[in-house]
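Trainee: Input: one structure, supplied below.
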There are 2 protein chains.
Amino acid sequence: MNLTGATLLRGRWTPGTGPAFHAVDPATGAALPGAFHDSGPEQVEDACLAASQAAPAYRALPREVRAQFLEAVADEIDALGDSLTERVVAETALSPARATGERGRTIGQLRLFAGVVRDGDFLGRRHDPALPDRAPLPRSDLRLVHVPVGPVAVFGASNFPLAFSVAGGDTASALAAGCPVIVKAHPAHPGVSELVAGAVQRAAEKSGVPEGVFALVHGGAEVGQALVADPRVRAVGFTGSRRAGLALVHAAQGRDVPVPVYAEMSSVNPVVILPGALETPSQLAAEYAESLTKDAGQYCTNPGLVFVPEGAAGDQFVTSSVRALSEVPPQAMLTTAIAEACAVGVDAWREIDGVEALTTGSLTGASATPSLVSTDLEVFRREADLSAEVFGPAGLVVRYPSVDVLLEALAEIEGQLTATVHGAESDHDTARLLLDVLEDRAGRLLWGGWPTGVEVASAMVHGGPWPATSAPATTSVGTLAIARFLRPVSYQNVPEELLPVELR
Amino acid sequence: MNLTGATLLRGRWTPGTGPAFHAVDPATGAALPGAFHDSGPEQVEDACLAASQAAPAYRALPREVRAQFLEAVADEIDALGDSLTERVVAETALSPARATGERGRTIGQLRLFAGVVRDGDFLGRRHDPALPDRAPLPRSDLRLVHVPVGPVAVFGASNFPLAFSVAGGDTASALAAGCPVIVKAHPAHPGVSELVAGAVQRAAEKSGVPEGVFALVHGGAEVGQALVADPRVRAVGFTGSRRAGLALVHAAQGRDVPVPVYAEMSSVNPVVILPGALETPSQLAAEYAESLTKDAGQYCTNPGLVFVPEGAAGDQFVTSSVRALSEVPPQAMLTTAIAEACAVGVDAWREIDGVEALTTGSLTGASATPSLVSTDLEVFRREADLSAEVFGPAGLVVRYPSVDVLLEALAEIEGQLTATVHGAESDHDTARLLLDVLEDRAGRLLWGGWPTGVEVASAMVHGGPWPATSAPATTSVGTLAIARFLRPVSYQNVPEELLPVELR
């Protein structure tokens with residue numbers, strides 16, 4: 001496995017003209033061998049120019065070629081084998097099993113979008129035939145089709161080095177839509193990014209996809225801002241922190257021609273436990289602890305906020321949760337910065353009057369043990385900080401006295417990716433009220449189970465009201481994600497031979 | 001016809017607590033009898049509160065009731081008969097024929113959306129059944145449905161007192177989606193607004209639609225800003241000037257929870273005339289003059305920019321256009337301010353070096369005669385002012401030396417609602433290149449004909465890249481307009497009896 005540390009520009013690995021940096025193994029804090037270079041501003045600009053030059057040829061390719069390209073990307077990633085998963089582990093400290101699982105998900109996602117491309121439903125074609133004899137006015141022939149928006153900038157996510165990075169969901173859906181993609185690699189996994197970008201590049205060559213349809217740039221916030229500001233970029237895909245997401249949203253809004261940023265930013269994924277679910281509190285607590293700490297809790301869908309009824313059964317759930325969490329060994333987080341932000345967030349919770357620390361939760365280097373704190377509904381509603389996402393293995397338990405006041409509190413919460421209700425059949429009347437309120441606050445509603453583990457499927461919504469995402473009418477996971485990179489165009493009275501292929 | 005001049009709040013006509021104003025007959029400049037009152041800030045707030053309170057009950061109504069409500073609105077508007085069209089003429093100076101035609105269009109639009117509601121396709125339902133035996137992990141049952149976003153603020157448009165105002169396209173599509181609507185009446189036709197709002201209110205009562213689902217407020221920019229800033233408003237529909245549209249976009253972006261503004265803002269609707277279309281230049285010129293001056297040119301889709309080949313045939317088209325325009329009598333525009341802005345815009349064109357005034361184009365009060373100016377492609381590309389919309393009966397002819405340079409110029413133009421190409425079969429090879437470039441710049445492409453006259457149909461796109469609209473992935477006319485007021489929600493493993501009705 002030879003890494004160049006370079007920028008992928010117009011189909012060639014070109015040394016980055018920006019500062020050098022190293023990948024870091026978060027488990028040890030040590031720099032990994034080999035230097036990477038940030039892309040220079042002129043390289044970012046050229047990547048955007050190349051994408052815009054390649055856009056007409058790419059969109060004009062037969063859909064079958066586009067589908068084969070996506071499948072070829074999947075094959076090339078698959079062919080990277082263990083070298084890829086080993087690099088994932090080295091750069092992220094995620095487990096080998098997770099790395100392998102995520103590789104499978106990434107490949108499956110690319111193949112799923114190949115199917116979407118072949119199927120053609122995403123084109124949303126509509127036809128109103130001419131009515132030449134209609135009175136008082138004839139109707140023209142009208143045909144509608146959805147066309148690709150043009151070059152898309154994609155930001156790799158730290159917590160999904162494969163499934164939401166170089167050839168992840170945003171890239172797969174943008175390429176499927178017919179849009180060239182410029183990826184900014186996440187600086188926390190540059191080697192993984194290079195490996196996957198190489199796979200995309202080989203697939204492009206084999207499939208006859210024009211040079212410039214795909215580029216990989218390296219860099220931090222400055223490179224990201226330059227990318228979003230480039231006039232050739234027509235849309236942006238991002239998964240990450242609220243701070244970074246909002247910075248991109250503002251940059252995109254400030255352009256001469258503003259463009260949409262599809263930013264998946266933050267969520268605490270409220271879980272409501274109803275009395276009927278507390279028949280076996282220790283079993284439920286074990287599942288909760290597992291979901292909260294899976295891969296060090298580094299999921300957008302981590303159940304950071306759990307509402308538990310006051311009283312003995314609820315007490316038992318909390319006690320069991322603390323016990324289950326105490327058995328979770330320290331886990332290395334993705335980066336030292338992420339681990340520190342998690343510790344700061346938990347400390348802020350603990351300092352609030354009326355919040356009780358249930359675990360000691362400690363941090364050594366990038367290595368964290370789970371934290372759990374508890375409070376009551378009144379304190380939760382009063383203290384806005386308790387609603388903020390603390391990314392990592394950190395949970396907040398809010399005890400509620402009655403469903404009536406809980407409903408009021410839930411109607412006030414910020415937009416969320418998910419909301420979950422646990423209950424038994426005896427809770428159904430209450431649950432109906434809860435689901436009504438929660439539907440307005442989240443993109444995905446679960447009955448039982450835990451929100452982590454986002455299925456890549458046709459009926460998935462990984463989205464939700466602001467600030468869970470910057471574009472609540474969209475999803476970034478599942479086949480509907482392609483809609484973000486399309487816009488409708490209507491053809492009026494255009495003769496068959498002048499219509500785009502998809503409308504003939 | 002008794003007008004109260006009041007605000008429609010929670011189903012009751014309530015005197016506005018803001019300043020008084022009068023409707024003006026633009027044909028005479030005289031105030032019409034009867035005073036209107038702006039809505040006070042507390043009334044705007046209460047309209048939003050009422051909408052938000054009514055939202056859950058409205059979305060829970062059976063779709064059939066929602067469809068009947070839309071049809072009842074159509075019936076009530078129809079029942080207003082001549083009193084409505086007479087008031088349109090008095091407040092806008094549009095012709096009786098236009099007023100009657102627009103009433104028909106508005107009624108038809110409401111009935112079309114009733115059909116959309118009944119049909120249910122807009123729900124975009126998807127289902128991935130559970131796969132309990134899948135390895136390595138089972139798949140949950142996933143069901144997706146699109147739900148209403150919540151209260152929508154709609155701004156009446158000056159140039160469509162019926163079809164894009166109180167019960168126009170934005171209102172019809174938002175109500176169809178299941179969203180309550182708060183309309184800000186356009187101050188240029190407050191009486192028409194009250195008449196139509198009364199029709200909506202009567203329909204709501206007859207259909208059992210909750211109080212608060214519909215409100216009418218009066219006021220200017222301040223009331224508009226308050227409406228967009230209200231935290232209960234979830235989306236905004238607007239048709240009007242770029243300046244006003246951008247002000248709303250910025251207000252919506254500056255909220256704690258930003259919301260989308262669907263603003264249809266400006267377009268010059270380029271028309272390209274290819275040599276083959278100049279076989280009968282005087283016939284084409286007559287059609288052009290008719291489209292440019294229809295209803296004093298006060299259409300978003302007015303063909304403000306025409307590219308004509310250099311040479312004798314093109315000269316003849318221009319000469320014939322000037323002659324045809326000279327036969328158009330003075331027309332009263334919607335307001336004195338609009339007429340003055342038109343005159344200012346034409347003057348700005350005329351002052352540019354290299355621009356030739358082809359008509360004298362004059363203004364008396366709100367009454368305007370057509371203006372036509374001409375320039376070459378080089379001047380057009382150099383002077384940004386020549387690309388700005390001049391709303392009214394004002395046209396710019398740009399002479400082009402060859403299709404090659406024209407293609408370069410067209411690739412640079414701002415986003416447009418429409419682009420039109422006129423040509424014969426001999427022009428097809430050229431036309432293909434043109435349409436490829438124009439597809440990237442416009443929401444609707446026409447072969448022959450003129451862009452004015454927007455069909456309300458399933459395959460219509462009245463939208464286009466920024467700044468034609470603030471949301472290029474949407475349309476504000478046609479059945480797809482409903483998508484603006486919906487967002488997807490996914491239900492995971494939710495038992496049948498807890499699912500929303502639409503997913504059972």
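Ligands are numbered from 1 in the order shown, residues from 1 within each chain, and chains are lettered A, B, ... in the order they appear in the structure tokens.
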Residues of chain B within 7 Å of chain A, using only C-alpha atoms, as number ranges by chain?

Mentor: B: 126-128, 142-144, 257, 432, 443-447, 458-461, 466, 472-474, 486-494, 498

Trainee: Using C-alpha atoms, can you export the residues from the last selection as an mmCIF file, in the first residue's frame?

Mentor:
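Writing the result to result-v3.cif gives the following:
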data_model
loop_
_atom_site.group_PDB
_atom_site.id
_atom_site.type_symbol
_atom_site.label_atom_id
_atom_site.label_comp_id
_atom_site.auth_asym_id
_atom_site.auth_seq_id
_atom_site.Cartn_x
_atom_site.Cartn_y
_atom_site.Cartn_z
ATOM 1 C CA ARG B 126 -42.267 3.919 0.303
ATOM 2 C CA HIS B 127 -42.067 0.642 2.202
ATOM 3 C CA ASP B 128 -39.116 -1.630 2.926
ATOM 4 C CA LEU B 142 -39.358 1.006 7.270
ATOM 5 C CA ARG B 143 -42.194 3.149 5.932
ATOM 6 C CA LEU B 144 -41.737 6.594 4.469
ATOM 7 C CA VAL B 257 -34.445 28.255 12.998
ATOM 8 C CA ARG B 432 -29.336 20.934 -29.940
ATOM 9 C CA GLY B 443 -36.514 25.929 -15.663
ATOM 10 C CA ARG B 444 -38.565 25.668 -18.862
ATOM 11 C CA LEU B 445 -37.378 25.360 -22.446
ATOM 12 C CA LEU B 446 -39.638 26.197 -25.376
ATOM 13 C CA TRP B 447 -39.258 25.381 -29.015
ATOM 14 C CA SER B 458 -48.428 18.213 -14.044
ATOM 15 C CA ALA B 459 -45.302 18.670 -16.185
ATOM 16 C CA MET B 460 -44.961 22.443 -15.723
ATOM 17 C CA VAL B 461 -41.843 23.945 -14.154
ATOM 18 C CA TRP B 466 -30.933 31.491 -9.001
ATOM 19 C CA PRO B 472 -34.069 26.001 -8.134
ATOM 20 C CA ALA B 473 -35.130 22.466 -7.243
ATOM 21 C CA THR B 474 -38.777 23.511 -7.086
ATOM 22 C CA LEU B 486 -43.707 18.612 2.487
ATOM 23 C CA ARG B 487 -40.868 16.769 4.171
ATOM 24 C CA PRO B 488 -40.174 13.049 4.390
ATOM 25 C CA VAL B 489 -40.517 11.090 7.630
ATOM 26 C CA SER B 490 -39.593 7.465 8.117
ATOM 27 C CA TYR B 491 -41.379 5.120 10.551
ATOM 28 C CA GLN B 492 -39.304 2.203 11.814
ATOM 29 C CA ASN B 493 -40.993 -0.891 13.301
ATOM 30 C CA VAL B 494 -44.044 1.123 14.301
ATOM 31 C CA LEU B 498 -49.705 3.539 15.848
#

Trainee: With a distance cut-off of 12 Å and only C-alpha atoms, select the neighbouring residues of Asn2 (chain B), excluding the residue or stretch itself and same-chain residues fewer than 5 positions from it, and output the selection as JSON, numbers by chain.

Mentor: {"B": [33, 34, 35, 83, 84, 87, 191, 192, 194, 195, 198]}

Trainee: Selection from above, C-alpha atoms, as a PDB file, in the first residue's frame, can you write it?

Mentor:
ATOM      1  CA  PRO B  33     -63.765  54.333  -1.765  1.00  0.00           C
ATOM      2  CA  GLY B  34     -63.324  52.571   1.585  1.00  0.00           C
ATOM      3  CA  ALA B  35     -60.353  52.352   3.909  1.00  0.00           C
ATOM      4  CA  SER B  83     -68.080  41.654  -8.401  1.00  0.00           C
ATOM      5  CA  LEU B  84     -64.681  40.003  -8.204  1.00  0.00           C
ATOM      6  CA  ARG B  87     -62.735  44.832  -8.414  1.00  0.00           C
ATOM      7  CA  GLY B 191     -60.190  44.685  -2.003  1.00  0.00           C
ATOM      8  CA  VAL B 192     -59.665  41.709  -4.286  1.00  0.00           C
ATOM      9  CA  GLU B 194     -60.553  40.587   0.994  1.00  0.00           C
ATOM     10  CA  LEU B 195     -63.111  39.188  -1.447  1.00  0.00           C
ATOM     11  CA  GLY B 198     -63.900  35.763   2.373  1.00  0.00           C
TER      12      GLY B 198
END

Trainee: Excluding Leu325 (chain A) and its own-chain neighbours fewer than 6 positions away, which residues fall within 12 Å of it when counting only C-alpha atoms? Please give them as a list in words.

Mentor: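 Neighbouring residues, sequence-local ones excluded: Ser282, Ala285, Ala286, Glu287, Tyr288, Ala289, Glu290, Ser291, Leu292, Thr293, Lys294, Ala296, Gly297, Val318, Thr319, Leu358, Thr359, Thr360, Gly361, Ala368, Thr369, Pro370, Ser371, Leu372, Val373, Pro393, Ala394 and Gly395 of chain A.
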
Trainee: Just write the chosen residues, N, CA and C atoms, as an mmCIF file, in the first residue's frame.

Mentor:
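Once everything was written out, this is selection10.cif:
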data_model
loop_
_atom_site.group_PDB
_atom_site.id
_atom_site.type_symbol
_atom_site.label_atom_id
_atom_site.label_comp_id
_atom_site.auth_asym_id
_atom_site.auth_seq_id
_atom_site.Cartn_x
_atom_site.Cartn_y
_atom_site.Cartn_z
ATOM 1 N N SER A 282 -33.600 -4.108 33.367
ATOM 2 C CA SER A 282 -32.159 -4.327 33.214
ATOM 3 C C SER A 282 -31.819 -4.743 31.781
ATOM 4 N N ALA A 285 -31.864 -1.577 29.825
ATOM 5 C CA ALA A 285 -30.682 -0.786 30.178
ATOM 6 C C ALA A 285 -29.440 -1.326 29.465
ATOM 7 N N ALA A 286 -29.351 -2.640 29.351
ATOM 8 C CA ALA A 286 -28.186 -3.230 28.678
ATOM 9 C C ALA A 286 -28.163 -2.825 27.203
ATOM 10 N N GLU A 287 -29.361 -2.836 26.578
ATOM 11 C CA GLU A 287 -29.441 -2.421 25.154
ATOM 12 C C GLU A 287 -29.073 -0.938 25.002
ATOM 13 N N TYR A 288 -29.567 -0.151 25.933
ATOM 14 C CA TYR A 288 -29.274 1.289 25.908
ATOM 15 C C TYR A 288 -27.764 1.527 26.014
ATOM 16 N N ALA A 289 -27.154 0.874 26.985
ATOM 17 C CA ALA A 289 -25.716 1.061 27.195
ATOM 18 C C ALA A 289 -24.941 0.643 25.943
ATOM 19 N N GLU A 290 -25.398 -0.410 25.311
ATOM 20 C CA GLU A 290 -24.704 -0.880 24.110
ATOM 21 C C GLU A 290 -24.822 0.149 22.980
ATOM 22 N N SER A 291 -26.037 0.699 22.787
ATOM 23 C CA SER A 291 -26.242 1.675 21.711
ATOM 24 C C SER A 291 -25.469 2.967 22.006
ATOM 25 N N LEU A 292 -25.470 3.361 23.280
ATOM 26 C CA LEU A 292 -24.832 4.627 23.662
ATOM 27 C C LEU A 292 -23.314 4.590 23.491
ATOM 28 N N THR A 293 -22.741 3.407 23.606
ATOM 29 C CA THR A 293 -21.270 3.318 23.623
ATOM 30 C C THR A 293 -20.700 2.605 22.403
ATOM 31 N N LYS A 294 -21.573 2.196 21.500
ATOM 32 C CA LYS A 294 -21.113 1.491 20.293
ATOM 33 C C LYS A 294 -20.121 2.378 19.540
ATOM 34 N N ALA A 296 -17.598 3.884 20.584
ATOM 35 C CA ALA A 296 -17.381 5.070 21.432
ATOM 36 C C ALA A 296 -18.475 6.131 21.242
ATOM 37 N N GLY A 297 -19.649 5.664 20.895
ATOM 38 C CA GLY A 297 -20.800 6.584 20.814
ATOM 39 C C GLY A 297 -20.689 7.600 19.703
ATOM 40 N N VAL A 318 -32.257 3.144 35.515
ATOM 41 C CA VAL A 318 -31.075 4.003 35.608
ATOM 42 C C VAL A 318 -29.920 3.268 36.301
ATOM 43 N N THR A 319 -30.245 2.598 37.406
ATOM 44 C CA THR A 319 -29.212 1.850 38.125
ATOM 45 C C THR A 319 -28.588 0.785 37.216
ATOM 46 N N LEU A 358 -23.812 10.365 37.230
ATOM 47 C CA LEU A 358 -24.066 8.979 37.634
ATOM 48 C C LEU A 358 -22.836 8.094 37.433
ATOM 49 N N THR A 359 -21.937 8.551 36.611
ATOM 50 C CA THR A 359 -20.681 7.798 36.403
ATOM 51 C C THR A 359 -19.545 8.791 36.558
ATOM 52 N N THR A 360 -18.348 8.268 36.699
ATOM 53 C CA THR A 360 -17.205 9.175 36.798
ATOM 54 C C THR A 360 -16.739 9.603 35.408
ATOM 55 N N GLY A 361 -16.854 8.745 34.415
ATOM 56 C CA GLY A 361 -16.500 9.076 33.027
ATOM 57 C C GLY A 361 -15.179 9.800 32.875
ATOM 58 N N ALA A 368 -11.743 7.283 26.105
ATOM 59 C CA ALA A 368 -12.823 7.747 26.989
ATOM 60 C C ALA A 368 -13.607 6.578 27.552
ATOM 61 N N THR A 369 -14.088 6.752 28.787
ATOM 62 C CA THR A 369 -15.073 5.816 29.337
ATOM 63 C C THR A 369 -16.423 6.535 29.339
ATOM 64 N N PRO A 370 -17.505 5.758 29.365
ATOM 65 C CA PRO A 370 -18.832 6.375 29.224
ATOM 66 C C PRO A 370 -19.191 7.309 30.377
ATOM 67 N N SER A 371 -19.975 8.295 30.048
ATOM 68 C CA SER A 371 -20.505 9.226 31.051
ATOM 69 C C SER A 371 -22.026 9.198 31.020
ATOM 70 N N LEU A 372 -22.607 9.236 32.199
ATOM 71 C CA LEU A 372 -24.057 9.331 32.279
ATOM 72 C C LEU A 372 -24.410 10.364 33.340
ATOM 73 N N VAL A 373 -25.315 11.262 33.008
ATOM 74 C CA VAL A 373 -25.799 12.232 33.992
ATOM 75 C C VAL A 373 -27.319 12.177 34.000
ATOM 76 N N PRO A 393 -19.536 8.847 23.920
ATOM 77 C CA PRO A 393 -20.263 7.924 24.799
ATOM 78 C C PRO A 393 -20.800 8.649 26.027
ATOM 79 N N ALA A 394 -21.701 9.584 25.814
ATOM 80 C CA ALA A 394 -22.190 10.427 26.896
ATOM 81 C C ALA A 394 -23.705 10.518 26.820
ATOM 82 N N GLY A 395 -24.357 10.205 27.914
ATOM 83 C CA GLY A 395 -25.815 10.175 27.915
ATOM 84 C C GLY A 395 -26.414 11.042 28.999
#

Trainee: Between CA of Ala23 (chain B) and CA of Ala185 (chain B), what is the distance, to one decimal in Å?

Mentor: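 For CA of Ala23 (chain B) relative to CA of Ala185 (chain B), the distance reads 11.8 Å.
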
Trainee: Write out as a PyMOL selection string all residues of region 220-339 of chain B that DSSP puts in alpha helix (DSSP H) for this structure's backbone.

Mentor: chain B and resi 221-229+242-253+281-293+312-326+336-339

Trainee: Check region 112-337 of chain A with DSSP on the backbone and list each residue it calls strand (DSSP E or B), as a PyMOL selection string.

Mentor: chain A and resi 126-128+131+139+142-148+152-155+181-184+214-217+235-239+261-264+271-273+305-309+331-332

Trainee: Skip region 207-215 of chain B itself and residues of its chain fewer than 3 positions away, then list as an NGL selection string all residues within 7 Å of it, counting only C-alpha atoms.

Mentor: :B and (8-11 or 47 or 50-51 or 54-55 or 57-58 or 65 or 68-69 or 180-183 or 203-204)

Trainee: Enter the distance from CA of Thr14 (chain B) to CA of Ser193 (chain B), in Å, rounded to one decimal.

Mentor: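 Result for CA of Thr14 (chain B) versus CA of Ser193 (chain B): 14.8 Å, one decimal.
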
Trainee: With only C-alpha atoms as the atoms that count, which of B:Ala130, B:Ala221, B:Ala74, B:Ala174 lies nearest to Leu162 (chain B)?

Mentor: B:Ala74

Trainee: If we count only C-alpha atoms and set the cut-off at 12 Å, which residues sit around Pro26 (chain B), ignoring sequence neighbours fewer than 5 positions away in its own chain? Please answer as a PyMOL selection string.

Mentor: chain B and resi 31-32+88-94+188-189+331-339+364-368

Trainee: For C-alpha atoms, I'd like the residues from the last selection saved as an mmCIF file, in the first residue's frame.

Mentor:
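Wrote it out as selection_2.cif, contents follow:
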data_model
loop_
_atom_site.group_PDB
_atom_site.id
_atom_site.type_symbol
_atom_site.label_atom_id
_atom_site.label_comp_id
_atom_site.auth_asym_id
_atom_site.auth_seq_id
_atom_site.Cartn_x
_atom_site.Cartn_y
_atom_site.Cartn_z
ATOM 1 C CA ALA B 31 -58.216 56.391 -4.430
ATOM 2 C CA LEU B 32 -61.072 53.890 -4.422
ATOM 3 C CA VAL B 88 -59.695 43.281 -10.136
ATOM 4 C CA VAL B 89 -60.084 45.754 -12.986
ATOM 5 C CA ALA B 90 -60.561 48.672 -10.598
ATOM 6 C CA GLU B 91 -57.510 47.860 -8.482
ATOM 7 C CA THR B 92 -55.078 46.668 -11.176
ATOM 8 C CA ALA B 93 -56.164 48.221 -14.491
ATOM 9 C CA LEU B 94 -55.922 44.760 -16.010
ATOM 10 C CA ALA B 188 -52.068 47.141 -4.596
ATOM 11 C CA HIS B 189 -55.233 45.003 -4.546
ATOM 12 C CA GLN B 331 -51.561 50.768 -21.180
ATOM 13 C CA ALA B 332 -52.099 51.534 -17.503
ATOM 14 C CA MET B 333 -49.661 49.522 -15.405
ATOM 15 C CA LEU B 334 -50.418 47.903 -12.038
ATOM 16 C CA THR B 335 -49.119 50.797 -9.978
ATOM 17 C CA THR B 336 -47.403 54.105 -10.560
ATOM 18 C CA ALA B 337 -44.313 52.733 -8.812
ATOM 19 C CA ILE B 338 -44.117 49.817 -11.238
ATOM 20 C CA ALA B 339 -44.551 52.145 -14.202
ATOM 21 C CA THR B 364 -47.864 59.327 -18.383
ATOM 22 C CA GLY B 365 -48.974 58.615 -14.823
ATOM 23 C CA ALA B 366 -49.136 54.839 -14.663
ATOM 24 C CA SER B 367 -49.686 54.582 -18.395
ATOM 25 C CA ALA B 368 -46.853 53.270 -20.560
#

Trainee: Neighbouring residues of Glu222 (chain B) were defined as those with any atom within 12 Å, considering only C-alpha atoms; residues of the same chain fewer than 5 positions away were excluded. Please report them as a list in words.

Mentor: Gly18, Asp38, Ser39, Gly40, Pro41, Val44, Lys184, Val217, Leu227, Val228, Ala229, Ala244, Ala247, Leu248 and Ala251 of chain B

Trainee: If I take CA of Val272 (chain A) and CA of Ala313 (chain A), how far is one from the other in Å, to one decimal?

Mentor: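 Result for CA of Val272 (chain A) versus CA of Ala313 (chain A): 14.2 Å, one decimal.
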
Trainee: For Ser173 (chain A), find every residue with an atom within 10 Å (counting only C-alpha atoms), except residues of its own chain fewer than 4 positions away, and show them as a VMD selection string.

Mentor: chain A and resid 70 109 to 110 112 to 114 116 to 117 167 to 169 177 to 179 476 to 485
